[in-house]
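Take a look at the structure set out below.
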Amino acid sequence: MKFLVNNMDRVELEEIIKRGEDSLHQFKSDVTSEISIAREMIAFSNALGGKIIIGVSDNGSVSGLARSDIGRLSNLVSNAASQHVRPAINPLTENISHADGLVMVVHVSPGISKPYMDKDGVVWIKSGPDKRKATSREEIQRMYQSSGLIHGDAVLAGGMTIKDLDIREFERFYEKQYEETLNLQELPLEQLMENLNLSRDGFLNVAGALLFGKYTAFRLPAFIVKCVAYPGNDIHLDDYYDSQDISGVIRTVFDDTVAFILRHLRRVQQNQNVNSLGKLEIPKIVIEELVANALIHRDYFISASVRIFVFSDRIEIVSPGHLPNNLTIENIKRGNSNIRNPILASFATKLLPYRGLGNGIIRAVKAFPDIEFVDDRDGNLFKCIIKRCHKLPYC
């Protein structure tokens with residue numbers, strides 16, 4: 001999201017005022033405290049950016065500013081941004097003439113050095129039109145994640161050590177990747193795992209555990225995949241005809257999740273003889289791309305499972321965590337990407353049908369256009385909805 005000065009006229013201002021405050025717009029009749037406005041700017045910087053509109057009351061009435069207020073507020077905003085925000089930010093201001101007086105609009109861009117905090121070290125975040133203190137470790141971790149300072153797949157995995165490694169799984173990978181047996185490797189296993197960014201000081205990180213760990217369902221129970229197939233088009237507590245909790249190393253989880261979905265798909269004959277298997281109503285590549293995307297790009301700071309729902313009219317793949325940073329549904333359809341879990345992504349190209357080039361969504365949509373993507377920032381999840389069809393060519 002990018003803000004430009006002189007891009008708002010009176011008509012647009014009145015439209016914003018008419019809609020009321022929201023996550024991108026905050027009204028202030030006046031501002032006298034540097035600390036107060038600094039907290040508002042911190043909350044916007046830690047989110048998607050926004051506009052603080054000074055000279056408008058909470059109820060939408062324009063109180064207006066006098067010409068003498070503009071200089072005072074300009075200095076106040078500048079001092080707040082440089083002296084009360086850590087790291088400092090650079091908001092832009094513009095003044096708009098209104099029948100009831102001047103209105104100052106303070107444009108705050110989405111921050112690139114999150115988390116931003118005040119002089120006391122308090123991190124402020126948006127909560128609808130209001131702001132609040134960040135109170136959970138996960139919230140702050142995700143901000144570090146968005147700045148590229150920490151990644152969920154690099155966090156240590158619940159006390160899992162090298163002894164929790166599925167050594168046979170790792171041996172198979174190592175021999176295929178490096179064309180030599182593991183026992184010919186001169187480095188100790190602990191050092192080798194650390195060199196591969198899969199452990200630290202003898203403890204597996206999340207990537208190491210998901211790729212090559214044993215008993216991950218017990219040590220990382222939130223990171224399994226939960227699959228349910230329903231006979232109708234809605235979720236029921238008791239009325240379902242198949243369910244499966246899928247765990248294990250990521251290669252097995254991928255294979256079993258794809259298999260669960262495929263066994264509930266219809267096959268369409270489409271001019272083939274009665275003895276043929278028929279074609280899947282949804283191409284297999286679509287399921288593979290979207291399942292791989294869910295496993296690799298989900299937010300591992302969130303203690304929740306990937307969920308697969310198979311309904312009569314659609315399939316839903318629900319991943320914990322909304323799109324990272326400033327990614328949108330529109331630009332991921334164009335191939336834009338932001339790798340949330342770089343260690344997992346680098347190994348996935350060797351273990352799964354995943355290329356890591358940011359074009360998986362493009363391939364899925366090209367093969368089957370009837371896919372809806374939902375970036376739910378309030379619910380902190382990303383959803384792929386694949387519409388089922390009963391005939392070919394594909395929908």
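Simple scheme: letters A, B, ... for chains in structure tokens order, numbers from 1 for residues in each chain, numbers from 1 for ligands in the order shown.
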*Excluding Asn205 of chain A and residues on its chain fewer than 2 positions from it, collect all residues at most 9 Å away from it, counting only C-alpha atoms, and give them as an MDAnalysis selection string.*
chainID A and resid 153:161 197:200 203 207:210
Taking C-alpha atoms for each residue, export the selection above as a compact mmCIF listing (two decimals), in the first residue's frame.
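And here is the file that came out, result-v3.txt:
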```
# COMPACT_ATOMS: atom_id res chain seq x y z
CA ASP A 153 9.85 -22.48 10.70
CA ALA A 154 13.12 -21.48 12.43
CA VAL A 155 11.64 -21.50 15.95
CA LEU A 156 12.71 -24.45 18.13
CA ALA A 157 10.16 -27.27 18.07
CA GLY A 158 8.91 -27.94 21.58
CA GLY A 159 12.06 -29.51 22.99
CA MET A 160 12.56 -31.97 20.12
CA THR A 161 16.21 -33.01 19.84
CA ASN A 197 19.37 -24.86 9.18
CA LEU A 198 17.26 -27.64 10.66
CA SER A 199 18.44 -27.44 14.26
CA ARG A 200 20.23 -25.28 16.79
CA PHE A 203 17.37 -29.04 19.18
CA ALA A 207 11.25 -27.02 9.82
CA GLY A 208 13.52 -29.86 10.95
CA ALA A 209 10.71 -31.47 12.94
CA LEU A 210 8.15 -31.22 10.13
```
Got a sec: who's within 6 Å of Val286 of chain A, counting only C-alpha atoms, leaving out chain neighbours fewer than 3 positions off, as a short mmCIF file (atom, residue, chain, number, x, y, z; two decimals) with N, CA and C atoms, in the first residue's frame?
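Just written: result21.cif:
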```cif
data_model
loop_
_atom_site.label_atom_id
_atom_site.label_comp_id
_atom_site.auth_asym_id
_atom_site.auth_seq_id
_atom_site.Cartn_x
_atom_site.Cartn_y
_atom_site.Cartn_z
N PRO A 283 -8.77 -31.21 -11.62
CA PRO A 283 -7.47 -31.79 -11.97
C PRO A 283 -6.59 -32.01 -10.73
N GLU A 289 -1.11 -28.37 -5.90
CA GLU A 289 -0.58 -27.01 -5.74
C GLU A 289 -1.12 -26.34 -4.49
N ALA A 364 -2.60 -23.37 -10.71
CA ALA A 364 -3.87 -23.93 -10.24
C ALA A 364 -5.05 -23.26 -10.93
#
```
From segment 61-272 of chain A, collect each residue whose DSSP state is strand (DSSP E) and return the set as a PDB file with C-alpha atoms, in the first residue's frame.
```pdb
ATOM      1  CA  LEU A  92       3.038  12.698   5.152  1.00  0.00           C
ATOM      2  CA  THR A  93       0.485  15.438   5.755  1.00  0.00           C
ATOM      3  CA  GLU A  94      -1.902  17.326   3.499  1.00  0.00           C
ATOM      4  CA  ASN A  95      -4.405  20.070   4.257  1.00  0.00           C
ATOM      5  CA  ILE A  96      -7.863  20.086   2.688  1.00  0.00           C
ATOM      6  CA  SER A  97     -10.230  23.036   2.614  1.00  0.00           C
ATOM      7  CA  HIS A  98     -13.736  22.394   3.891  1.00  0.00           C
ATOM      8  CA  GLY A 101     -12.560  24.872   8.220  1.00  0.00           C
ATOM      9  CA  LEU A 102      -9.319  23.166   7.281  1.00  0.00           C
ATOM     10  CA  VAL A 103      -8.817  19.433   7.746  1.00  0.00           C
ATOM     11  CA  MET A 104      -5.355  17.862   8.093  1.00  0.00           C
ATOM     12  CA  VAL A 105      -4.860  14.334   6.794  1.00  0.00           C
ATOM     13  CA  VAL A 106      -1.859  12.430   8.183  1.00  0.00           C
ATOM     14  CA  HIS A 107      -0.869   9.558   5.878  1.00  0.00           C
ATOM     15  CA  VAL A 108       0.912   6.682   7.635  1.00  0.00           C
ATOM     16  CA  TRP A 124       0.423  -0.822  19.594  1.00  0.00           C
ATOM     17  CA  ILE A 125      -1.731  -2.575  16.991  1.00  0.00           C
ATOM     18  CA  LYS A 126      -5.036  -1.865  15.263  1.00  0.00           C
ATOM     19  CA  SER A 127      -8.210  -3.485  16.530  1.00  0.00           C
ATOM     20  CA  ASP A 130      -9.386   1.447  17.620  1.00  0.00           C
ATOM     21  CA  LYS A 131      -5.931   0.474  18.827  1.00  0.00           C
ATOM     22  CA  ARG A 132      -4.689  -1.744  21.633  1.00  0.00           C
ATOM     23  CA  LYS A 133      -1.467  -3.016  23.130  1.00  0.00           C
ATOM     24  CA  LEU A 156      12.710 -24.450  18.128  1.00  0.00           C
ATOM     25  CA  ALA A 157      10.159 -27.270  18.072  1.00  0.00           C
ATOM     26  CA  GLY A 158       8.910 -27.944  21.577  1.00  0.00           C
ATOM     27  CA  GLY A 159      12.065 -29.505  22.987  1.00  0.00           C
ATOM     28  CA  MET A 160      12.560 -31.972  20.122  1.00  0.00           C
ATOM     29  CA  THR A 161      16.211 -33.009  19.840  1.00  0.00           C
ATOM     30  CA  SER A 199      18.436 -27.437  14.261  1.00  0.00           C
ATOM     31  CA  ARG A 200      20.230 -25.284  16.788  1.00  0.00           C
ATOM     32  CA  PHE A 203      17.371 -29.038  19.183  1.00  0.00           C
ATOM     33  CA  LEU A 204      15.249 -29.371  16.050  1.00  0.00           C
ATOM     34  CA  ASN A 205      13.491 -26.286  14.767  1.00  0.00           C
ATOM     35  CA  VAL A 225      -3.911 -31.511   8.937  1.00  0.00           C
ATOM     36  CA  LYS A 226      -7.543 -32.164   9.870  1.00  0.00           C
ATOM     37  CA  CYS A 227      -9.734 -33.429   7.028  1.00  0.00           C
ATOM     38  CA  VAL A 228     -13.507 -33.918   7.060  1.00  0.00           C
ATOM     39  CA  ALA A 229     -15.895 -34.880   4.248  1.00  0.00           C
ATOM     40  CA  ASP A 242     -15.224 -39.451   6.474  1.00  0.00           C
ATOM     41  CA  SER A 243     -12.592 -37.732   8.595  1.00  0.00           C
ATOM     42  CA  GLN A 244      -8.867 -38.082   9.115  1.00  0.00           C
ATOM     43  CA  ASP A 245      -6.193 -36.374  11.201  1.00  0.00           C
ATOM     44  CA  ILE A 246      -2.997 -36.482   9.151  1.00  0.00           C
ATOM     45  CA  ARG A 267     -14.899 -38.918 -12.072  1.00  0.00           C
ATOM     46  CA  VAL A 268     -16.572 -37.750 -15.263  1.00  0.00           C
TER      47      VAL A 268
END
```
*Leu351 of chain A environment, 9 Å, only C-alpha atoms, sequence neighbours closer than 5 positions dropped, as number ranges by chain*: A: 173, 211, 250-251
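Checking A:Ser147, A:Thr135, A:Asn75, A:Thr252 one by one against Leu352 of chain A, counting only C-alpha atoms, you find the shortest gap at A:Thr252.
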*State, in Å with one decimal place, the distance from atom CA of Val56 of chain A to atom CA of Phe27 of chain A.*
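Value for the atom CA of Val56 of chain A-atom CA of Phe27 of chain A distance: 5.5 Å.
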Residues at most 9 Å from Asp234 of chain A, counting only C-alpha atoms, excluding those fewer than 3 positions away in the same chain, as a compact mmCIF listing (two decimals) with C-alpha atoms, in the first residue's frame?
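Result written to around-v7.txt:
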```txt
# COMPACT_ATOMS: atom_id res chain seq x y z
CA TYR A 230 -19.57 -33.91 4.62
CA PRO A 231 -22.57 -35.26 2.68
CA PHE A 311 -18.58 -30.59 0.69
CA SER A 312 -20.94 -31.68 -2.08
```
Could you list, as a tab-separated table (two decimals) with C-alpha atoms, in the first residue's frame, every residue within 9 Å of Ile371 of chain A, counting only C-alpha atoms and ignoring same-chain residues fewer than 6 positions away?
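Heads up, here's the output in out_30.tsv:
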```tsv
chain	number	residue	atom	x	y	z
A	364	ALA	CA	-3.87	-23.93	-10.24
A	365	VAL	CA	-6.13	-21.20	-11.62
A	384	CYS	CA	-9.04	-21.59	-0.98
A	385	ILE	CA	-12.53	-22.56	-2.12
A	386	ILE	CA	-12.57	-24.93	-5.10
A	387	LYS	CA	-15.99	-25.21	-6.72
```
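If you measure from each of A:Lys284, A:Arg314, A:Lys51, A:Lys28 to Leu65 of chain A using only C-alpha atoms, the closest one turns out to be A:Lys28.
Within 10 Å of segment 187-189 of chain A, once only C-alpha atoms are used and residues closer than 4 positions along the same chain are dropped, the contacting residues are Ile162, Ile167, Leu182, Asn183, Met193, Glu194, Asn195 and Gly202 of chain A.
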*asked:* What's around Val123 of chain A at 8 Å? Count only C-alpha atoms, leave out sequence neighbours fewer than 3 positions away in its own chain, and write the answer as a PyMOL selection string.
replied: chain A and resi 42-43+115-118+133-134+140
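Closest approach to Gly60 of chain A from the set A:Val77, A:Ala38, A:Lys18, A:Ala88 is made by A:Lys18, with distances taken over only C-alpha atoms.
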*By how many Å are atom CA of His25 of chain A and atom CA of Leu381 of chain A apart?*
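Answer for the atom CA of His25 of chain A to atom CA of Leu381 of chain A separation: 23.2 Å.
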*Write down as a PyMOL selection string the residues of segment 54-297 of chain A whose backbone DSSP state falls under helix (DSSP H, G or I).*
chain A and resi 67-83+137-146+152-154+162-164+167-178+182-184+189-195+206-212+216-219+221-223+250-262+284-297
Export of prior selection with C-alpha atoms as a JSON list (two decimals), in the first residue's frame:
```json
[["chain", "number", "residue", "atom", "x", "y", "z"],
["A", 67, "ARG", "CA", -4.91, 28.34, 9.83],
["A", 68, "SER", "CA", -2.95, 28.83, 13.05],
["A", 69, "ASP", "CA", -3.60, 25.18, 14.02],
["A", 70, "ILE", "CA", -1.87, 23.82, 10.93],
["A", 71, "GLY", "CA", 1.65, 24.88, 11.88],
["A", 72, "ARG", "CA", 1.23, 23.63, 15.45],
["A", 73, "LEU", "CA", -0.10, 20.25, 14.28],
["A", 74, "SER", "CA", 2.61, 19.85, 11.62],
["A", 75, "ASN", "CA", 5.30, 20.27, 14.29],
["A", 76, "LEU", "CA", 3.45, 17.98, 16.68],
["A", 77, "VAL", "CA", 3.11, 15.19, 14.09],
["A", 78, "SER", "CA", 6.76, 15.53, 13.05],
["A", 79, "ASN", "CA", 8.02, 15.43, 16.64],
["A", 80, "ALA", "CA", 5.77, 12.49, 17.53],
["A", 81, "ALA", "CA", 6.97, 10.47, 14.53],
["A", 82, "SER", "CA", 10.65, 11.10, 15.22],
["A", 83, "GLN", "CA", 10.75, 11.25, 19.03],
["A", 137, "ARG", "CA", 4.00, -13.28, 22.13],
["A", 138, "GLU", "CA", 2.56, -14.62, 18.86],
["A", 139, "GLU", "CA", 1.35, -11.18, 17.77],
["A", 140, "ILE", "CA", 4.79, -9.66, 18.25],
["A", 141, "GLN", "CA", 6.51, -12.66, 16.65],
["A", 142, "ARG", "CA", 4.38, -12.23, 13.53],
["A", 143, "MET", "CA", 5.51, -8.61, 13.26],
["A", 144, "TYR", "CA", 9.15, -9.68, 13.44],
["A", 145, "GLN", "CA", 8.25, -12.28, 10.84],
["A", 146, "SER", "CA", 6.78, -9.67, 8.48],
["A", 152, "GLY", "CA", 8.07, -19.48, 12.20],
["A", 153, "ASP", "CA", 9.85, -22.48, 10.70],
["A", 154, "ALA", "CA", 13.12, -21.48, 12.43],
["A", 162, "ILE", "CA", 18.33, -34.85, 17.31],
["A", 163, "LYS", "CA", 17.14, -38.06, 18.99],
["A", 164, "ASP", "CA", 13.66, -37.25, 17.68],
["A", 167, "ILE", "CA", 16.88, -41.13, 10.71],
["A", 168, "ARG", "CA", 15.66, -43.37, 7.89],
["A", 169, "GLU", "CA", 13.63, -40.52, 6.40],
["A", 170, "PHE", "CA", 16.62, -38.20, 6.64],
["A", 171, "GLU", "CA", 18.96, -40.83, 5.15],
["A", 172, "ARG", "CA", 16.68, -41.28, 2.14],
["A", 173, "PHE", "CA", 16.62, -37.53, 1.55],
["A", 174, "TYR", "CA", 20.36, -37.14, 2.03],
["A", 175, "GLU", "CA", 21.30, -39.95, -0.35],
["A", 176, "LYS", "CA", 18.94, -38.71, -3.05],
["A", 177, "GLN", "CA", 20.00, -35.10, -2.69],
["A", 178, "TYR", "CA", 23.77, -35.49, -2.27],
["A", 182, "LEU", "CA", 24.87, -40.55, 5.29],
["A", 183, "ASN", "CA", 27.43, -42.76, 7.03],
["A", 184, "LEU", "CA", 30.12, -41.46, 4.65],
["A", 189, "LEU", "CA", 24.80, -35.56, 12.65],
["A", 190, "GLU", "CA", 24.14, -32.69, 15.05],
["A", 191, "GLN", "CA", 26.52, -30.38, 13.14],
["A", 192, "LEU", "CA", 25.13, -31.49, 9.78],
["A", 193, "MET", "CA", 21.58, -30.69, 10.85],
["A", 194, "GLU", "CA", 22.66, -27.28, 12.09],
["A", 195, "ASN", "CA", 24.49, -26.59, 8.81],
["A", 206, "VAL", "CA", 9.96, -26.43, 13.35],
["A", 207, "ALA", "CA", 11.25, -27.02, 9.82],
["A", 208, "GLY", "CA", 13.52, -29.86, 10.95],
["A", 209, "ALA", "CA", 10.71, -31.47, 12.94],
["A", 210, "LEU", "CA", 8.15, -31.22, 10.13],
["A", 211, "LEU", "CA", 10.55, -32.43, 7.48],
["A", 212, "PHE", "CA", 12.28, -35.28, 9.31],
["A", 216, "THR", "CA", 5.32, -34.77, 15.51],
["A", 217, "ALA", "CA", 1.62, -35.28, 16.22],
["A", 218, "PHE", "CA", 2.48, -35.54, 19.93],
["A", 219, "ARG", "CA", 5.15, -32.85, 20.10],
["A", 221, "PRO", "CA", -0.13, -31.34, 17.77],
["A", 222, "ALA", "CA", -1.34, -28.04, 16.27],
["A", 223, "PHE", "CA", 0.54, -28.61, 13.05],
["A", 250, "ILE", "CA", 5.73, -33.28, 5.52],
["A", 251, "ARG", "CA", 6.13, -35.60, 2.52],
["A", 252, "THR", "CA", 3.70, -38.09, 4.09],
["A", 253, "VAL", "CA", 1.30, -35.36, 5.19],
["A", 254, "PHE", "CA", 1.24, -33.98, 1.64],
["A", 255, "ASP", "CA", 0.62, -37.39, 0.06],
["A", 256, "ASP", "CA", -2.10, -38.40, 2.53],
["A", 257, "THR", "CA", -3.88, -35.03, 2.34],
["A", 258, "VAL", "CA", -3.97, -35.10, -1.45],
["A", 259, "ALA", "CA", -5.17, -38.73, -1.32],
["A", 260, "PHE", "CA", -8.00, -37.83, 1.09],
["A", 261, "ILE", "CA", -9.32, -35.16, -1.27],
["A", 262, "LEU", "CA", -8.91, -37.24, -4.41],
["A", 284, "LYS", "CA", -4.99, -33.41, -9.58],
["A", 285, "ILE", "CA", -2.45, -30.63, -10.15],
["A", 286, "VAL", "CA", -4.89, -28.13, -8.61],
["A", 287, "ILE", "CA", -5.17, -30.16, -5.40],
["A", 288, "GLU", "CA", -1.40, -30.67, -5.26],
["A", 289, "GLU", "CA", -0.58, -27.01, -5.74],
["A", 290, "LEU", "CA", -3.04, -25.77, -3.14],
["A", 291, "VAL", "CA", -2.18, -28.39, -0.53],
["A", 292, "ALA", "CA", 1.54, -27.70, -0.96],
["A", 293, "ASN", "CA", 0.82, -23.98, -0.65],
["A", 294, "ALA", "CA", -1.10, -24.58, 2.61],
["A", 295, "LEU", "CA", 1.67, -26.68, 4.17],
["A", 296, "ILE", "CA", 4.59, -24.48, 3.16],
["A", 297, "HIS", "CA", 3.17, -20.98, 3.47]]
```
*Distance criterion (only C-alpha atoms): nearest to Val122 of chain A out of A:Ile17, A:Ala99, A:Ile302, A:Ile35*: A:Ile35
